[in-house]
Amino acid sequence: MIEVHNLRKQYGELNAVDDVSFVAQPGKVFGLLGPNGAGKSTTIGCISGLLKPTSGQVRILGHDVVDDGPASRRQLGVVPQELAIYEDLSAHDNLEFWGAAYGLRGADLKKSVAQTLESIGLLDRAKEPCSQFSGGMKRRLNLGCALVHQPKVLLLDEPTVGVDPQSRVRLLELVRGLVASGTCVLYTTHYMEEAEALCDEMAIVDHGKIIAAGTLSELRGRLGERDILRLSGKFDEATVRPALSAFDQAEILYLEADAIHMAIPDASMNLQQIFSCLHSVGAEVRETTVSQPSLESLFIQLTGKDLRE
């Protein structure tokens with residue numbers, strides 16, 4: 001339902017999106033996973049038609065977003081990172097406005113607004129001004145405005161940022177329900193746990209590029225059975241790197257004066273040897289963290305750093 005081929009978006013010398021390609025299928029969630037500034041929102045902007053690509057092609061339901069913009073957007077719902085609701089209007093009036101903008105009229109519009117209010121849990125607050133809503137309620141209404149015309153393709157750009165845990169659970173349940181009905185969802189997030197729980201396929205994006213893509217199991221398989229060992233303290237790279245090279249199956253992902261990240265099998269079983277090795281070259285270990293293979297650890301392996309907020 002979404003086809004992205006060699007998408008590039010430049011701002012002067014900056015490649016905000018750099019040769020990105022992927023396909024999103026009906027009844028599936030395709031995740032774009034990465035830190036703030038990775039290019040996720042710019043990609044969403046190009047897919048939705050808000051931004052014109054520098055090069056490449058984007059098609060929605062077979063329609064080119066540049067050459068056939070109105071047709072490509074007819075079955076598209078967009079939930080931007082920033083709230084796109086009118087706070088001086090009620091929840092009902094917001095939904096009615098956006099439904100009418102997509103061509104709904106009369107009984108069809110009335111029915112769709114009522115159904116959407118019920119699905120987002122705001123039926124009992126339908127006539128209140130949105131300015132009186134909590135952040136989580138506004139986020140749910142933001143989603144509802146994109147759903148009122150029952151789109152076949154839904155773009156969700158960081159939809160749970162800044163919401164309380166209860167509202168986050170409700171939003172994720174709504175997304176799962178939409179997918180079960182056949183909707184194609186493109187979901188951007190920098191929350192690893194959301195991506196692991198929700199996405200059927202995903203692409204890890206950093207500095208505008210896709211650095212890994214596949215199903216969750218395929219991505220985890222890239223890491224193998226190695227754990228991620230993170231050490232903080234005081235380290236001299238000139239002495240530490242040669243010393244750690246004695247561990248044949250260990251890979252140094254990141255090494256600076258105050259931190260070391262390593263991928264190593266059975267990290268907890270090798271801690272004593274690693275500590276002894278580091279102590280022998282005058283290094284000081286202050287804190288140790290071991291994590292099992294996950295999207296977070298894969299991101300560290302690919303970039304050498306933790307997911308940046």
# chains A, B, ... in the order shown; residues from 1 in each chain; ligands from 1
call {"tool": "residues_around", "arguments": {"residues": "range 65-74 of chain A", "least_positions_apart": "5", "cutoff": "10 Å", "atoms": "only C-alpha atoms", "output": "NGL selection string"}}
result
:A and (2 or 46-53 or 57-60 or 102-103 or 149 or 151-153)
call {"tool": "residues_around", "arguments": {"residues": "Phe133 in chain A", "least_positions_apart": "3", "cutoff": "12 Å", "atoms": "only C-alpha atoms", "output": "list in words"}}
result
Ile85, Tyr86, Glu87, Asp88, Leu89, Ser90, Ala91, Leu122, Arg125, Ala126, Lys127, Glu128, Pro129, Cys130, Gly136, Met137, Lys138, Arg139, Arg140, Leu141 and Asn142 of chain A
call {"tool": "write_last_selection", "arguments": {"atoms": "C-alpha atoms", "output": "short mmCIF file (atom, residue, chain, number, x, y, z; two decimals), in the first residue's frame"}}
result
data_model
loop_
_atom_site.label_atom_id
_atom_site.label_comp_id
_atom_site.auth_asym_id
_atom_site.auth_seq_id
_atom_site.Cartn_x
_atom_site.Cartn_y
_atom_site.Cartn_z
CA ILE A 85 -6.65 19.75 16.52
CA TYR A 86 -8.57 22.97 17.08
CA GLU A 87 -8.57 23.45 20.84
CA ASP A 88 -11.41 25.99 20.81
CA LEU A 89 -13.69 23.36 19.23
CA SER A 90 -15.18 20.28 20.85
CA ALA A 91 -14.05 16.76 20.07
CA LEU A 122 -14.30 10.33 24.07
CA ARG A 125 -16.73 14.19 26.47
CA ALA A 126 -17.77 14.86 22.88
CA LYS A 127 -19.20 18.36 23.43
CA GLU A 128 -16.45 19.74 25.69
CA PRO A 129 -13.82 22.17 24.33
CA CYS A 130 -10.54 20.36 23.67
CA GLY A 136 -3.60 11.85 26.54
CA MET A 137 -7.14 12.77 25.51
CA LYS A 138 -5.80 15.27 22.97
CA ARG A 139 -3.53 12.58 21.53
CA ARG A 140 -6.49 10.21 21.15
CA LEU A 141 -8.50 12.93 19.42
CA ASN A 142 -5.49 13.65 17.19
#
call {"tool": "residues_around", "arguments": {"residues": "Gly27 in chain A", "least_positions_apart": "4", "cutoff": "7 Å", "atoms": "only C-alpha atoms", "output": "JSON, numbers by chain"}}
result
{"A": [179, 180, 181, 182, 183, 184]}
call {"tool": "write_last_selection", "arguments": {"atoms": "C-alpha atoms", "output": "short mmCIF file (atom, residue, chain, number, x, y, z; two decimals), in the first residue's frame"}}
result
data_model
loop_
_atom_site.label_atom_id
_atom_site.label_comp_id
_atom_site.auth_asym_id
_atom_site.auth_seq_id
_atom_site.Cartn_x
_atom_site.Cartn_y
_atom_site.Cartn_z
CA VAL A 179 -4.40 -3.39 11.60
CA ALA A 180 -6.69 -6.33 12.31
CA SER A 181 -9.27 -4.72 10.00
CA GLY A 182 -6.73 -4.52 7.14
CA THR A 183 -5.34 -1.01 7.53
CA CYS A 184 -1.73 -0.43 6.50
#
call {"tool": "closest_residue", "arguments": {"among": "A:Ile210, A:Leu229, A:Leu278, A:Ala267", "to": "Pro242 in chain A", "atoms": "only C-alpha atoms"}}
result
A:Leu278
call {"tool": "closest_residue", "arguments": {"among": "A:Arg241, A:His190, A:Lys234, A:Lys209", "to": "Glu296 in chain A", "atoms": "only C-alpha atoms"}}
result
A:His190
call {"tool": "closest_residue", "arguments": {"among": "A:Gly31, A:Gly37, A:Gly77, A:Gly12", "to": "Gly99 in chain A", "atoms": "only C-alpha atoms"}}
result
A:Gly77
call {"tool": "closest_residue", "arguments": {"among": "A:Val169, A:Val20, A:Met202, A:Val281", "to": "Gly214 in chain A", "atoms": "only C-alpha atoms"}}
result
A:Met202
call {"tool": "residues_around", "arguments": {"residues": "Leu156 in chain A", "least_positions_apart": "3", "cutoff": "9 Å", "atoms": "only C-alpha atoms", "output": "ChimeraX atom specification"}}
result
/A:44,77-81,143,159,185-189
call {"tool": "select_by_dssp", "arguments": {"residues": "range 81-252 of chain A", "states": "helix (DSSP H, G or I)", "output": "PDB file with N, CA and C atoms, in the first residue's frame"}}
result
ATOM      1  N   ALA A  91     -14.522  17.963  20.741  1.00  0.00           N
ATOM      2  CA  ALA A  91     -14.052  16.757  20.067  1.00  0.00           C
ATOM      3  C   ALA A  91     -14.966  16.427  18.891  1.00  0.00           C
ATOM      4  N   HIS A  92     -16.267  16.544  19.099  1.00  0.00           N
ATOM      5  CA  HIS A  92     -17.247  16.267  18.043  1.00  0.00           C
ATOM      6  C   HIS A  92     -17.013  17.178  16.843  1.00  0.00           C
ATOM      7  N   ASP A  93     -16.832  18.486  17.109  1.00  0.00           N
ATOM      8  CA  ASP A  93     -16.696  19.436  16.014  1.00  0.00           C
ATOM      9  C   ASP A  93     -15.374  19.259  15.272  1.00  0.00           C
ATOM     10  N   ASN A  94     -14.319  18.872  16.000  1.00  0.00           N
ATOM     11  CA  ASN A  94     -13.057  18.582  15.328  1.00  0.00           C
ATOM     12  C   ASN A  94     -13.224  17.426  14.349  1.00  0.00           C
ATOM     13  N   LEU A  95     -13.843  16.363  14.802  1.00  0.00           N
ATOM     14  CA  LEU A  95     -14.040  15.199  13.939  1.00  0.00           C
ATOM     15  C   LEU A  95     -14.960  15.522  12.772  1.00  0.00           C
ATOM     16  N   GLU A  96     -15.972  16.311  13.023  1.00  0.00           N
ATOM     17  CA  GLU A  96     -16.893  16.692  11.958  1.00  0.00           C
ATOM     18  C   GLU A  96     -16.178  17.528  10.897  1.00  0.00           C
ATOM     19  N   PHE A  97     -15.319  18.426  11.350  1.00  0.00           N
ATOM     20  CA  PHE A  97     -14.565  19.265  10.406  1.00  0.00           C
ATOM     21  C   PHE A  97     -13.680  18.407   9.500  1.00  0.00           C
ATOM     22  N   TRP A  98     -12.902  17.489  10.122  1.00  0.00           N
ATOM     23  CA  TRP A  98     -11.975  16.688   9.334  1.00  0.00           C
ATOM     24  C   TRP A  98     -12.710  15.667   8.470  1.00  0.00           C
ATOM     25  N   GLY A  99     -13.819  15.142   8.953  1.00  0.00           N
ATOM     26  CA  GLY A  99     -14.609  14.237   8.129  1.00  0.00           C
ATOM     27  C   GLY A  99     -15.153  14.933   6.895  1.00  0.00           C
ATOM     28  N   ALA A 100     -15.642  16.167   7.075  1.00  0.00           N
ATOM     29  CA  ALA A 100     -16.162  16.941   5.945  1.00  0.00           C
ATOM     30  C   ALA A 100     -15.047  17.291   4.968  1.00  0.00           C
ATOM     31  N   ALA A 101     -13.836  17.547   5.497  1.00  0.00           N
ATOM     32  CA  ALA A 101     -12.705  17.867   4.629  1.00  0.00           C
ATOM     33  C   ALA A 101     -12.372  16.708   3.703  1.00  0.00           C
ATOM     34  N   GLY A 106     -23.713  14.502   5.527  1.00  0.00           N
ATOM     35  CA  GLY A 106     -24.991  14.019   6.035  1.00  0.00           C
ATOM     36  C   GLY A 106     -24.897  12.876   7.018  1.00  0.00           C
ATOM     37  N   ALA A 107     -25.717  11.840   6.790  1.00  0.00           N
ATOM     38  CA  ALA A 107     -25.801  10.699   7.706  1.00  0.00           C
ATOM     39  C   ALA A 107     -24.473   9.953   7.802  1.00  0.00           C
ATOM     40  N   ASP A 108     -23.732   9.870   6.699  1.00  0.00           N
ATOM     41  CA  ASP A 108     -22.435   9.179   6.725  1.00  0.00           C
ATOM     42  C   ASP A 108     -21.458   9.887   7.654  1.00  0.00           C
ATOM     43  N   LEU A 109     -21.451  11.209   7.597  1.00  0.00           N
ATOM     44  CA  LEU A 109     -20.558  11.986   8.459  1.00  0.00           C
ATOM     45  C   LEU A 109     -20.964  11.834   9.918  1.00  0.00           C
ATOM     46  N   LYS A 110     -22.242  11.936  10.191  1.00  0.00           N
ATOM     47  CA  LYS A 110     -22.726  11.817  11.563  1.00  0.00           C
ATOM     48  C   LYS A 110     -22.394  10.455  12.160  1.00  0.00           C
ATOM     49  N   LYS A 111     -22.615   9.407  11.377  1.00  0.00           N
ATOM     50  CA  LYS A 111     -22.330   8.048  11.839  1.00  0.00           C
ATOM     51  C   LYS A 111     -20.845   7.845  12.088  1.00  0.00           C
ATOM     52  N   SER A 112     -19.995   8.333  11.189  1.00  0.00           N
ATOM     53  CA  SER A 112     -18.555   8.149  11.324  1.00  0.00           C
ATOM     54  C   SER A 112     -18.009   8.902  12.528  1.00  0.00           C
ATOM     55  N   VAL A 113     -18.519  10.104  12.765  1.00  0.00           N
ATOM     56  CA  VAL A 113     -18.081  10.883  13.927  1.00  0.00           C
ATOM     57  C   VAL A 113     -18.429  10.154  15.219  1.00  0.00           C
ATOM     58  N   ALA A 114     -19.647   9.633  15.301  1.00  0.00           N
ATOM     59  CA  ALA A 114     -20.074   8.913  16.510  1.00  0.00           C
ATOM     60  C   ALA A 114     -19.230   7.651  16.728  1.00  0.00           C
ATOM     61  N   GLN A 115     -18.975   6.910  15.663  1.00  0.00           N
ATOM     62  CA  GLN A 115     -18.167   5.698  15.775  1.00  0.00           C
ATOM     63  C   GLN A 115     -16.738   6.019  16.207  1.00  0.00           C
ATOM     64  N   THR A 116     -16.195   7.090  15.665  1.00  0.00           N
ATOM     65  CA  THR A 116     -14.827   7.468  16.004  1.00  0.00           C
ATOM     66  C   THR A 116     -14.731   7.923  17.455  1.00  0.00           C
ATOM     67  N   LEU A 117     -15.706   8.717  17.909  1.00  0.00           N
ATOM     68  CA  LEU A 117     -15.718   9.154  19.308  1.00  0.00           C
ATOM     69  C   LEU A 117     -15.733   7.961  20.255  1.00  0.00           C
ATOM     70  N   GLU A 118     -16.522   6.947  19.898  1.00  0.00           N
ATOM     71  CA  GLU A 118     -16.586   5.747  20.744  1.00  0.00           C
ATOM     72  C   GLU A 118     -15.266   4.985  20.719  1.00  0.00           C
ATOM     73  N   SER A 119     -14.655   4.859  19.550  1.00  0.00           N
ATOM     74  CA  SER A 119     -13.428   4.071  19.442  1.00  0.00           C
ATOM     75  C   SER A 119     -12.258   4.725  20.174  1.00  0.00           C
ATOM     76  N   LEU A 123     -16.597   9.579  23.740  1.00  0.00           N
ATOM     77  CA  LEU A 123     -18.022   9.786  23.474  1.00  0.00           C
ATOM     78  C   LEU A 123     -18.688  10.588  24.587  1.00  0.00           C
ATOM     79  N   ASP A 124     -18.280  10.344  25.839  1.00  0.00           N
ATOM     80  CA  ASP A 124     -18.890  11.048  26.970  1.00  0.00           C
ATOM     81  C   ASP A 124     -18.343  12.469  27.148  1.00  0.00           C
ATOM     82  N   ARG A 125     -17.315  12.837  26.385  1.00  0.00           N
ATOM     83  CA  ARG A 125     -16.735  14.187  26.470  1.00  0.00           C
ATOM     84  C   ARG A 125     -16.830  14.909  25.128  1.00  0.00           C
ATOM     85  N   CYS A 130     -11.769  21.157  23.541  1.00  0.00           N
ATOM     86  CA  CYS A 130     -10.544  20.358  23.668  1.00  0.00           C
ATOM     87  C   CYS A 130      -9.527  20.995  24.604  1.00  0.00           C
ATOM     88  N   SER A 131      -9.654  22.300  24.807  1.00  0.00           N
ATOM     89  CA  SER A 131      -8.727  22.988  25.716  1.00  0.00           C
ATOM     90  C   SER A 131      -8.819  22.431  27.130  1.00  0.00           C
ATOM     91  N   GLN A 132      -9.947  21.764  27.471  1.00  0.00           N
ATOM     92  CA  GLN A 132     -10.125  21.194  28.808  1.00  0.00           C
ATOM     93  C   GLN A 132      -9.608  19.756  28.906  1.00  0.00           C
ATOM     94  N   GLY A 135      -3.502  15.746  28.152  1.00  0.00           N
ATOM     95  CA  GLY A 135      -2.625  15.482  27.025  1.00  0.00           C
ATOM     96  C   GLY A 135      -2.955  14.172  26.334  1.00  0.00           C
ATOM     97  N   GLY A 136      -3.257  13.148  27.122  1.00  0.00           N
ATOM     98  CA  GLY A 136      -3.602  11.855  26.543  1.00  0.00           C
ATOM     99  C   GLY A 136      -4.887  11.894  25.746  1.00  0.00           C
ATOM    100  N   MET A 137      -5.871  12.635  26.226  1.00  0.00           N
ATOM    101  CA  MET A 137      -7.144  12.774  25.506  1.00  0.00           C
ATOM    102  C   MET A 137      -6.944  13.516  24.196  1.00  0.00           C
ATOM    103  N   LYS A 138      -6.089  14.534  24.208  1.00  0.00           N
ATOM    104  CA  LYS A 138      -5.805  15.266  22.968  1.00  0.00           C
ATOM    105  C   LYS A 138      -5.111  14.365  21.958  1.00  0.00           C
ATOM    106  N   ARG A 139      -4.218  13.506  22.428  1.00  0.00           N
ATOM    107  CA  ARG A 139      -3.534  12.577  21.533  1.00  0.00           C
ATOM    108  C   ARG A 139      -4.528  11.590  20.905  1.00  0.00           C
ATOM    109  N   ARG A 140      -5.482  11.132  21.695  1.00  0.00           N
ATOM    110  CA  ARG A 140      -6.487  10.212  21.152  1.00  0.00           C
ATOM    111  C   ARG A 140      -7.364  10.907  20.123  1.00  0.00           C
ATOM    112  N   LEU A 141      -7.717  12.170  20.390  1.00  0.00           N
ATOM    113  CA  LEU A 141      -8.501  12.935  19.417  1.00  0.00           C
ATOM    114  C   LEU A 141      -7.675  13.190  18.163  1.00  0.00           C
ATOM    115  N   ASN A 142      -6.393  13.457  18.335  1.00  0.00           N
ATOM    116  CA  ASN A 142      -5.492  13.647  17.192  1.00  0.00           C
ATOM    117  C   ASN A 142      -5.521  12.425  16.271  1.00  0.00           C
ATOM    118  N   LEU A 143      -5.537  11.236  16.891  1.00  0.00           N
ATOM    119  CA  LEU A 143      -5.648   9.997  16.121  1.00  0.00           C
ATOM    120  C   LEU A 143      -7.029   9.892  15.468  1.00  0.00           C
ATOM    121  N   GLY A 144      -8.061  10.242  16.229  1.00  0.00           N
ATOM    122  CA  GLY A 144      -9.417  10.154  15.703  1.00  0.00           C
ATOM    123  C   GLY A 144      -9.632  11.020  14.467  1.00  0.00           C
ATOM    124  N   CYS A 145      -8.993  12.195  14.427  1.00  0.00           N
ATOM    125  CA  CYS A 145      -9.142  13.086  13.273  1.00  0.00           C
ATOM    126  C   CYS A 145      -8.569  12.450  12.010  1.00  0.00           C
ATOM    127  N   ALA A 146      -7.595  11.568  12.184  1.00  0.00           N
ATOM    128  CA  ALA A 146      -7.015  10.878  11.027  1.00  0.00           C
ATOM    129  C   ALA A 146      -7.809   9.644  10.637  1.00  0.00           C
ATOM    130  N   LEU A 147      -8.708   9.200  11.522  1.00  0.00           N
ATOM    131  CA  LEU A 147      -9.449   7.955  11.288  1.00  0.00           C
ATOM    132  C   LEU A 147     -10.884   8.173  10.847  1.00  0.00           C
ATOM    133  N   PRO A 165       0.949   6.575  30.689  1.00  0.00           N
ATOM    134  CA  PRO A 165       0.948   5.147  30.353  1.00  0.00           C
ATOM    135  C   PRO A 165      -0.421   4.600  29.964  1.00  0.00           C
ATOM    136  N   GLN A 166      -1.478   5.036  30.639  1.00  0.00           N
ATOM    137  CA  GLN A 166      -2.816   4.531  30.327  1.00  0.00           C
ATOM    138  C   GLN A 166      -3.247   4.944  28.923  1.00  0.00           C
ATOM    139  N   SER A 167      -2.995   6.203  28.559  1.00  0.00           N
ATOM    140  CA  SER A 167      -3.354   6.670  27.216  1.00  0.00           C
ATOM    141  C   SER A 167      -2.502   5.984  26.157  1.00  0.00           C
ATOM    142  N   ARG A 168      -1.231   5.712  26.494  1.00  0.00           N
ATOM    143  CA  ARG A 168      -0.366   5.008  25.540  1.00  0.00           C
ATOM    144  C   ARG A 168      -0.914   3.622  25.237  1.00  0.00           C
ATOM    145  N   VAL A 169      -1.332   2.911  26.284  1.00  0.00           N
ATOM    146  CA  VAL A 169      -1.908   1.577  26.087  1.00  0.00           C
ATOM    147  C   VAL A 169      -3.147   1.660  25.207  1.00  0.00           C
ATOM    148  N   ARG A 170      -4.004   2.665  25.453  1.00  0.00           N
ATOM    149  CA  ARG A 170      -5.228   2.822  24.676  1.00  0.00           C
ATOM    150  C   ARG A 170      -4.906   3.106  23.202  1.00  0.00           C
ATOM    151  N   LEU A 171      -3.925   3.964  22.958  1.00  0.00           N
ATOM    152  CA  LEU A 171      -3.542   4.278  21.587  1.00  0.00           C
ATOM    153  C   LEU A 171      -3.007   3.055  20.857  1.00  0.00           C
ATOM    154  N   LEU A 172      -2.175   2.270  21.528  1.00  0.00           N
ATOM    155  CA  LEU A 172      -1.612   1.081  20.895  1.00  0.00           C
ATOM    156  C   LEU A 172      -2.698   0.038  20.623  1.00  0.00           C
ATOM    157  N   GLU A 173      -3.684  -0.059  21.514  1.00  0.00           N
ATOM    158  CA  GLU A 173      -4.808  -0.969  21.279  1.00  0.00           C
ATOM    159  C   GLU A 173      -5.603  -0.541  20.047  1.00  0.00           C
ATOM    160  N   LEU A 174      -5.792   0.764  19.887  1.00  0.00           N
ATOM    161  CA  LEU A 174      -6.500   1.269  18.719  1.00  0.00           C
ATOM    162  C   LEU A 174      -5.752   0.914  17.431  1.00  0.00           C
ATOM    163  N   VAL A 175      -4.443   1.058  17.461  1.00  0.00           N
ATOM    164  CA  VAL A 175      -3.639   0.737  16.279  1.00  0.00           C
ATOM    165  C   VAL A 175      -3.764  -0.746  15.941  1.00  0.00           C
ATOM    166  N   ARG A 176      -3.694  -1.605  16.951  1.00  0.00           N
ATOM    167  CA  ARG A 176      -3.824  -3.049  16.707  1.00  0.00           C
ATOM    168  C   ARG A 176      -5.179  -3.388  16.095  1.00  0.00           C
ATOM    169  N   GLY A 177      -6.231  -2.709  16.573  1.00  0.00           N
ATOM    170  CA  GLY A 177      -7.564  -2.941  16.013  1.00  0.00           C
ATOM    171  C   GLY A 177      -7.652  -2.530  14.556  1.00  0.00           C
ATOM    172  N   LEU A 178      -7.024  -1.415  14.206  1.00  0.00           N
ATOM    173  CA  LEU A 178      -7.030  -0.956  12.821  1.00  0.00           C
ATOM    174  C   LEU A 178      -6.304  -1.939  11.914  1.00  0.00           C
ATOM    175  N   VAL A 179      -5.179  -2.435  12.392  1.00  0.00           N
ATOM    176  CA  VAL A 179      -4.399  -3.391  11.598  1.00  0.00           C
ATOM    177  C   VAL A 179      -5.193  -4.673  11.384  1.00  0.00           C
ATOM    178  N   ALA A 180      -5.889  -5.102  12.419  1.00  0.00           N
ATOM    179  CA  ALA A 180      -6.690  -6.327  12.306  1.00  0.00           C
ATOM    180  C   ALA A 180      -7.782  -6.184  11.253  1.00  0.00           C
ATOM    181  N   MET A 192      11.851   1.753  21.708  1.00  0.00           N
ATOM    182  CA  MET A 192      12.147   0.398  21.265  1.00  0.00           C
ATOM    183  C   MET A 192      11.050  -0.588  21.659  1.00  0.00           C
ATOM    184  N   GLU A 193      10.519  -0.436  22.883  1.00  0.00           N
ATOM    185  CA  GLU A 193       9.529  -1.402  23.357  1.00  0.00           C
ATOM    186  C   GLU A 193       8.239  -1.329  22.538  1.00  0.00           C
ATOM    187  N   GLU A 194       7.877  -0.138  22.062  1.00  0.00           N
ATOM    188  CA  GLU A 194       6.705  -0.009  21.204  1.00  0.00           C
ATOM    189  C   GLU A 194       6.918  -0.733  19.886  1.00  0.00           C
ATOM    190  N   ALA A 195       8.083  -0.534  19.308  1.00  0.00           N
ATOM    191  CA  ALA A 195       8.378  -1.178  18.030  1.00  0.00           C
ATOM    192  C   ALA A 195       8.363  -2.697  18.167  1.00  0.00           C
ATOM    193  N   GLU A 196       8.950  -3.220  19.240  1.00  0.00           N
ATOM    194  CA  GLU A 196       9.001  -4.668  19.443  1.00  0.00           C
ATOM    195  C   GLU A 196       7.601  -5.246  19.639  1.00  0.00           C
ATOM    196  N   ALA A 197       6.718  -4.487  20.302  1.00  0.00           N
ATOM    197  CA  ALA A 197       5.377  -4.988  20.599  1.00  0.00           C
ATOM    198  C   ALA A 197       4.407  -4.842  19.432  1.00  0.00           C
ATOM    199  N   LEU A 198       4.667  -3.897  18.535  1.00  0.00           N
ATOM    200  CA  LEU A 198       3.648  -3.509  17.557  1.00  0.00           C
ATOM    201  C   LEU A 198       3.993  -3.842  16.109  1.00  0.00           C
ATOM    202  N   LEU A 216      11.238  -8.499  13.288  1.00  0.00           N
ATOM    203  CA  LEU A 216      11.914  -8.445  14.578  1.00  0.00           C
ATOM    204  C   LEU A 216      12.890  -9.606  14.731  1.00  0.00           C
ATOM    205  N   SER A 217      12.458 -10.806  14.359  1.00  0.00           N
ATOM    206  CA  SER A 217      13.337 -11.966  14.496  1.00  0.00           C
ATOM    207  C   SER A 217      14.547 -11.861  13.576  1.00  0.00           C
ATOM    208  N   GLU A 218      14.341 -11.326  12.366  1.00  0.00           N
ATOM    209  CA  GLU A 218      15.462 -11.155  11.444  1.00  0.00           C
ATOM    210  C   GLU A 218      16.470 -10.143  11.974  1.00  0.00           C
ATOM    211  N   LEU A 219      15.976  -9.070  12.556  1.00  0.00           N
ATOM    212  CA  LEU A 219      16.876  -8.056  13.088  1.00  0.00           C
ATOM    213  C   LEU A 219      17.628  -8.573  14.314  1.00  0.00           C
ATOM    214  N   ARG A 220      16.919  -9.282  15.177  1.00  0.00           N
ATOM    215  CA  ARG A 220      17.602  -9.866  16.337  1.00  0.00           C
ATOM    216  C   ARG A 220      18.656 -10.880  15.896  1.00  0.00           C
ATOM    217  N   GLY A 221      18.355 -11.587  14.803  1.00  0.00           N
ATOM    218  CA  GLY A 221      19.295 -12.586  14.307  1.00  0.00           C
ATOM    219  C   GLY A 221      20.605 -11.981  13.862  1.00  0.00           C
ATOM    220  N   ARG A 222      20.593 -10.711  13.480  1.00  0.00           N
ATOM    221  CA  ARG A 222      21.827 -10.049  13.071  1.00  0.00           C
ATOM    222  C   ARG A 222      22.800  -9.923  14.229  1.00  0.00           C
ATOM    223  N   LEU A 223      22.266  -9.874  15.441  1.00  0.00           N
ATOM    224  CA  LEU A 223      23.111  -9.741  16.614  1.00  0.00           C
ATOM    225  C   LEU A 223      23.642 -11.087  17.084  1.00  0.00           C
ATOM    226  N   GLU A 237      42.136   4.631  25.568  1.00  0.00           N
ATOM    227  CA  GLU A 237      41.941   3.813  24.379  1.00  0.00           C
ATOM    228  C   GLU A 237      43.235   3.154  23.910  1.00  0.00           C
ATOM    229  N   ALA A 238      44.345   3.857  24.035  1.00  0.00           N
ATOM    230  CA  ALA A 238      45.623   3.336  23.542  1.00  0.00           C
ATOM    231  C   ALA A 238      46.031   2.044  24.229  1.00  0.00           C
ATOM    232  N   THR A 239      45.626   1.872  25.498  1.00  0.00           N
ATOM    233  CA  THR A 239      45.980   0.655  26.221  1.00  0.00           C
ATOM    234  C   THR A 239      44.820  -0.339  26.313  1.00  0.00           C
ATOM    235  N   VAL A 240      43.588   0.196  26.384  1.00  0.00           N
ATOM    236  CA  VAL A 240      42.422  -0.673  26.569  1.00  0.00           C
ATOM    237  C   VAL A 240      42.114  -1.489  25.319  1.00  0.00           C
ATOM    238  N   ARG A 241      42.145  -0.868  24.148  1.00  0.00           N
ATOM    239  CA  ARG A 241      41.777  -1.586  22.920  1.00  0.00           C
ATOM    240  C   ARG A 241      42.680  -2.800  22.675  1.00  0.00           C
ATOM    241  N   PRO A 242      44.008  -2.659  22.760  1.00  0.00           N
ATOM    242  CA  PRO A 242      44.847  -3.852  22.570  1.00  0.00           C
ATOM    243  C   PRO A 242      44.604  -4.923  23.624  1.00  0.00           C
ATOM    244  N   ALA A 243      44.332  -4.507  24.860  1.00  0.00           N
ATOM    245  CA  ALA A 243      44.107  -5.481  25.928  1.00  0.00           C
ATOM    246  C   ALA A 243      42.835  -6.289  25.683  1.00  0.00           C
ATOM    247  N   LEU A 244      41.759  -5.619  25.247  1.00  0.00           N
ATOM    248  CA  LEU A 244      40.492  -6.302  25.015  1.00  0.00           C
ATOM    249  C   LEU A 244      40.510  -7.167  23.756  1.00  0.00           C
TER     250      LEU A 244
END
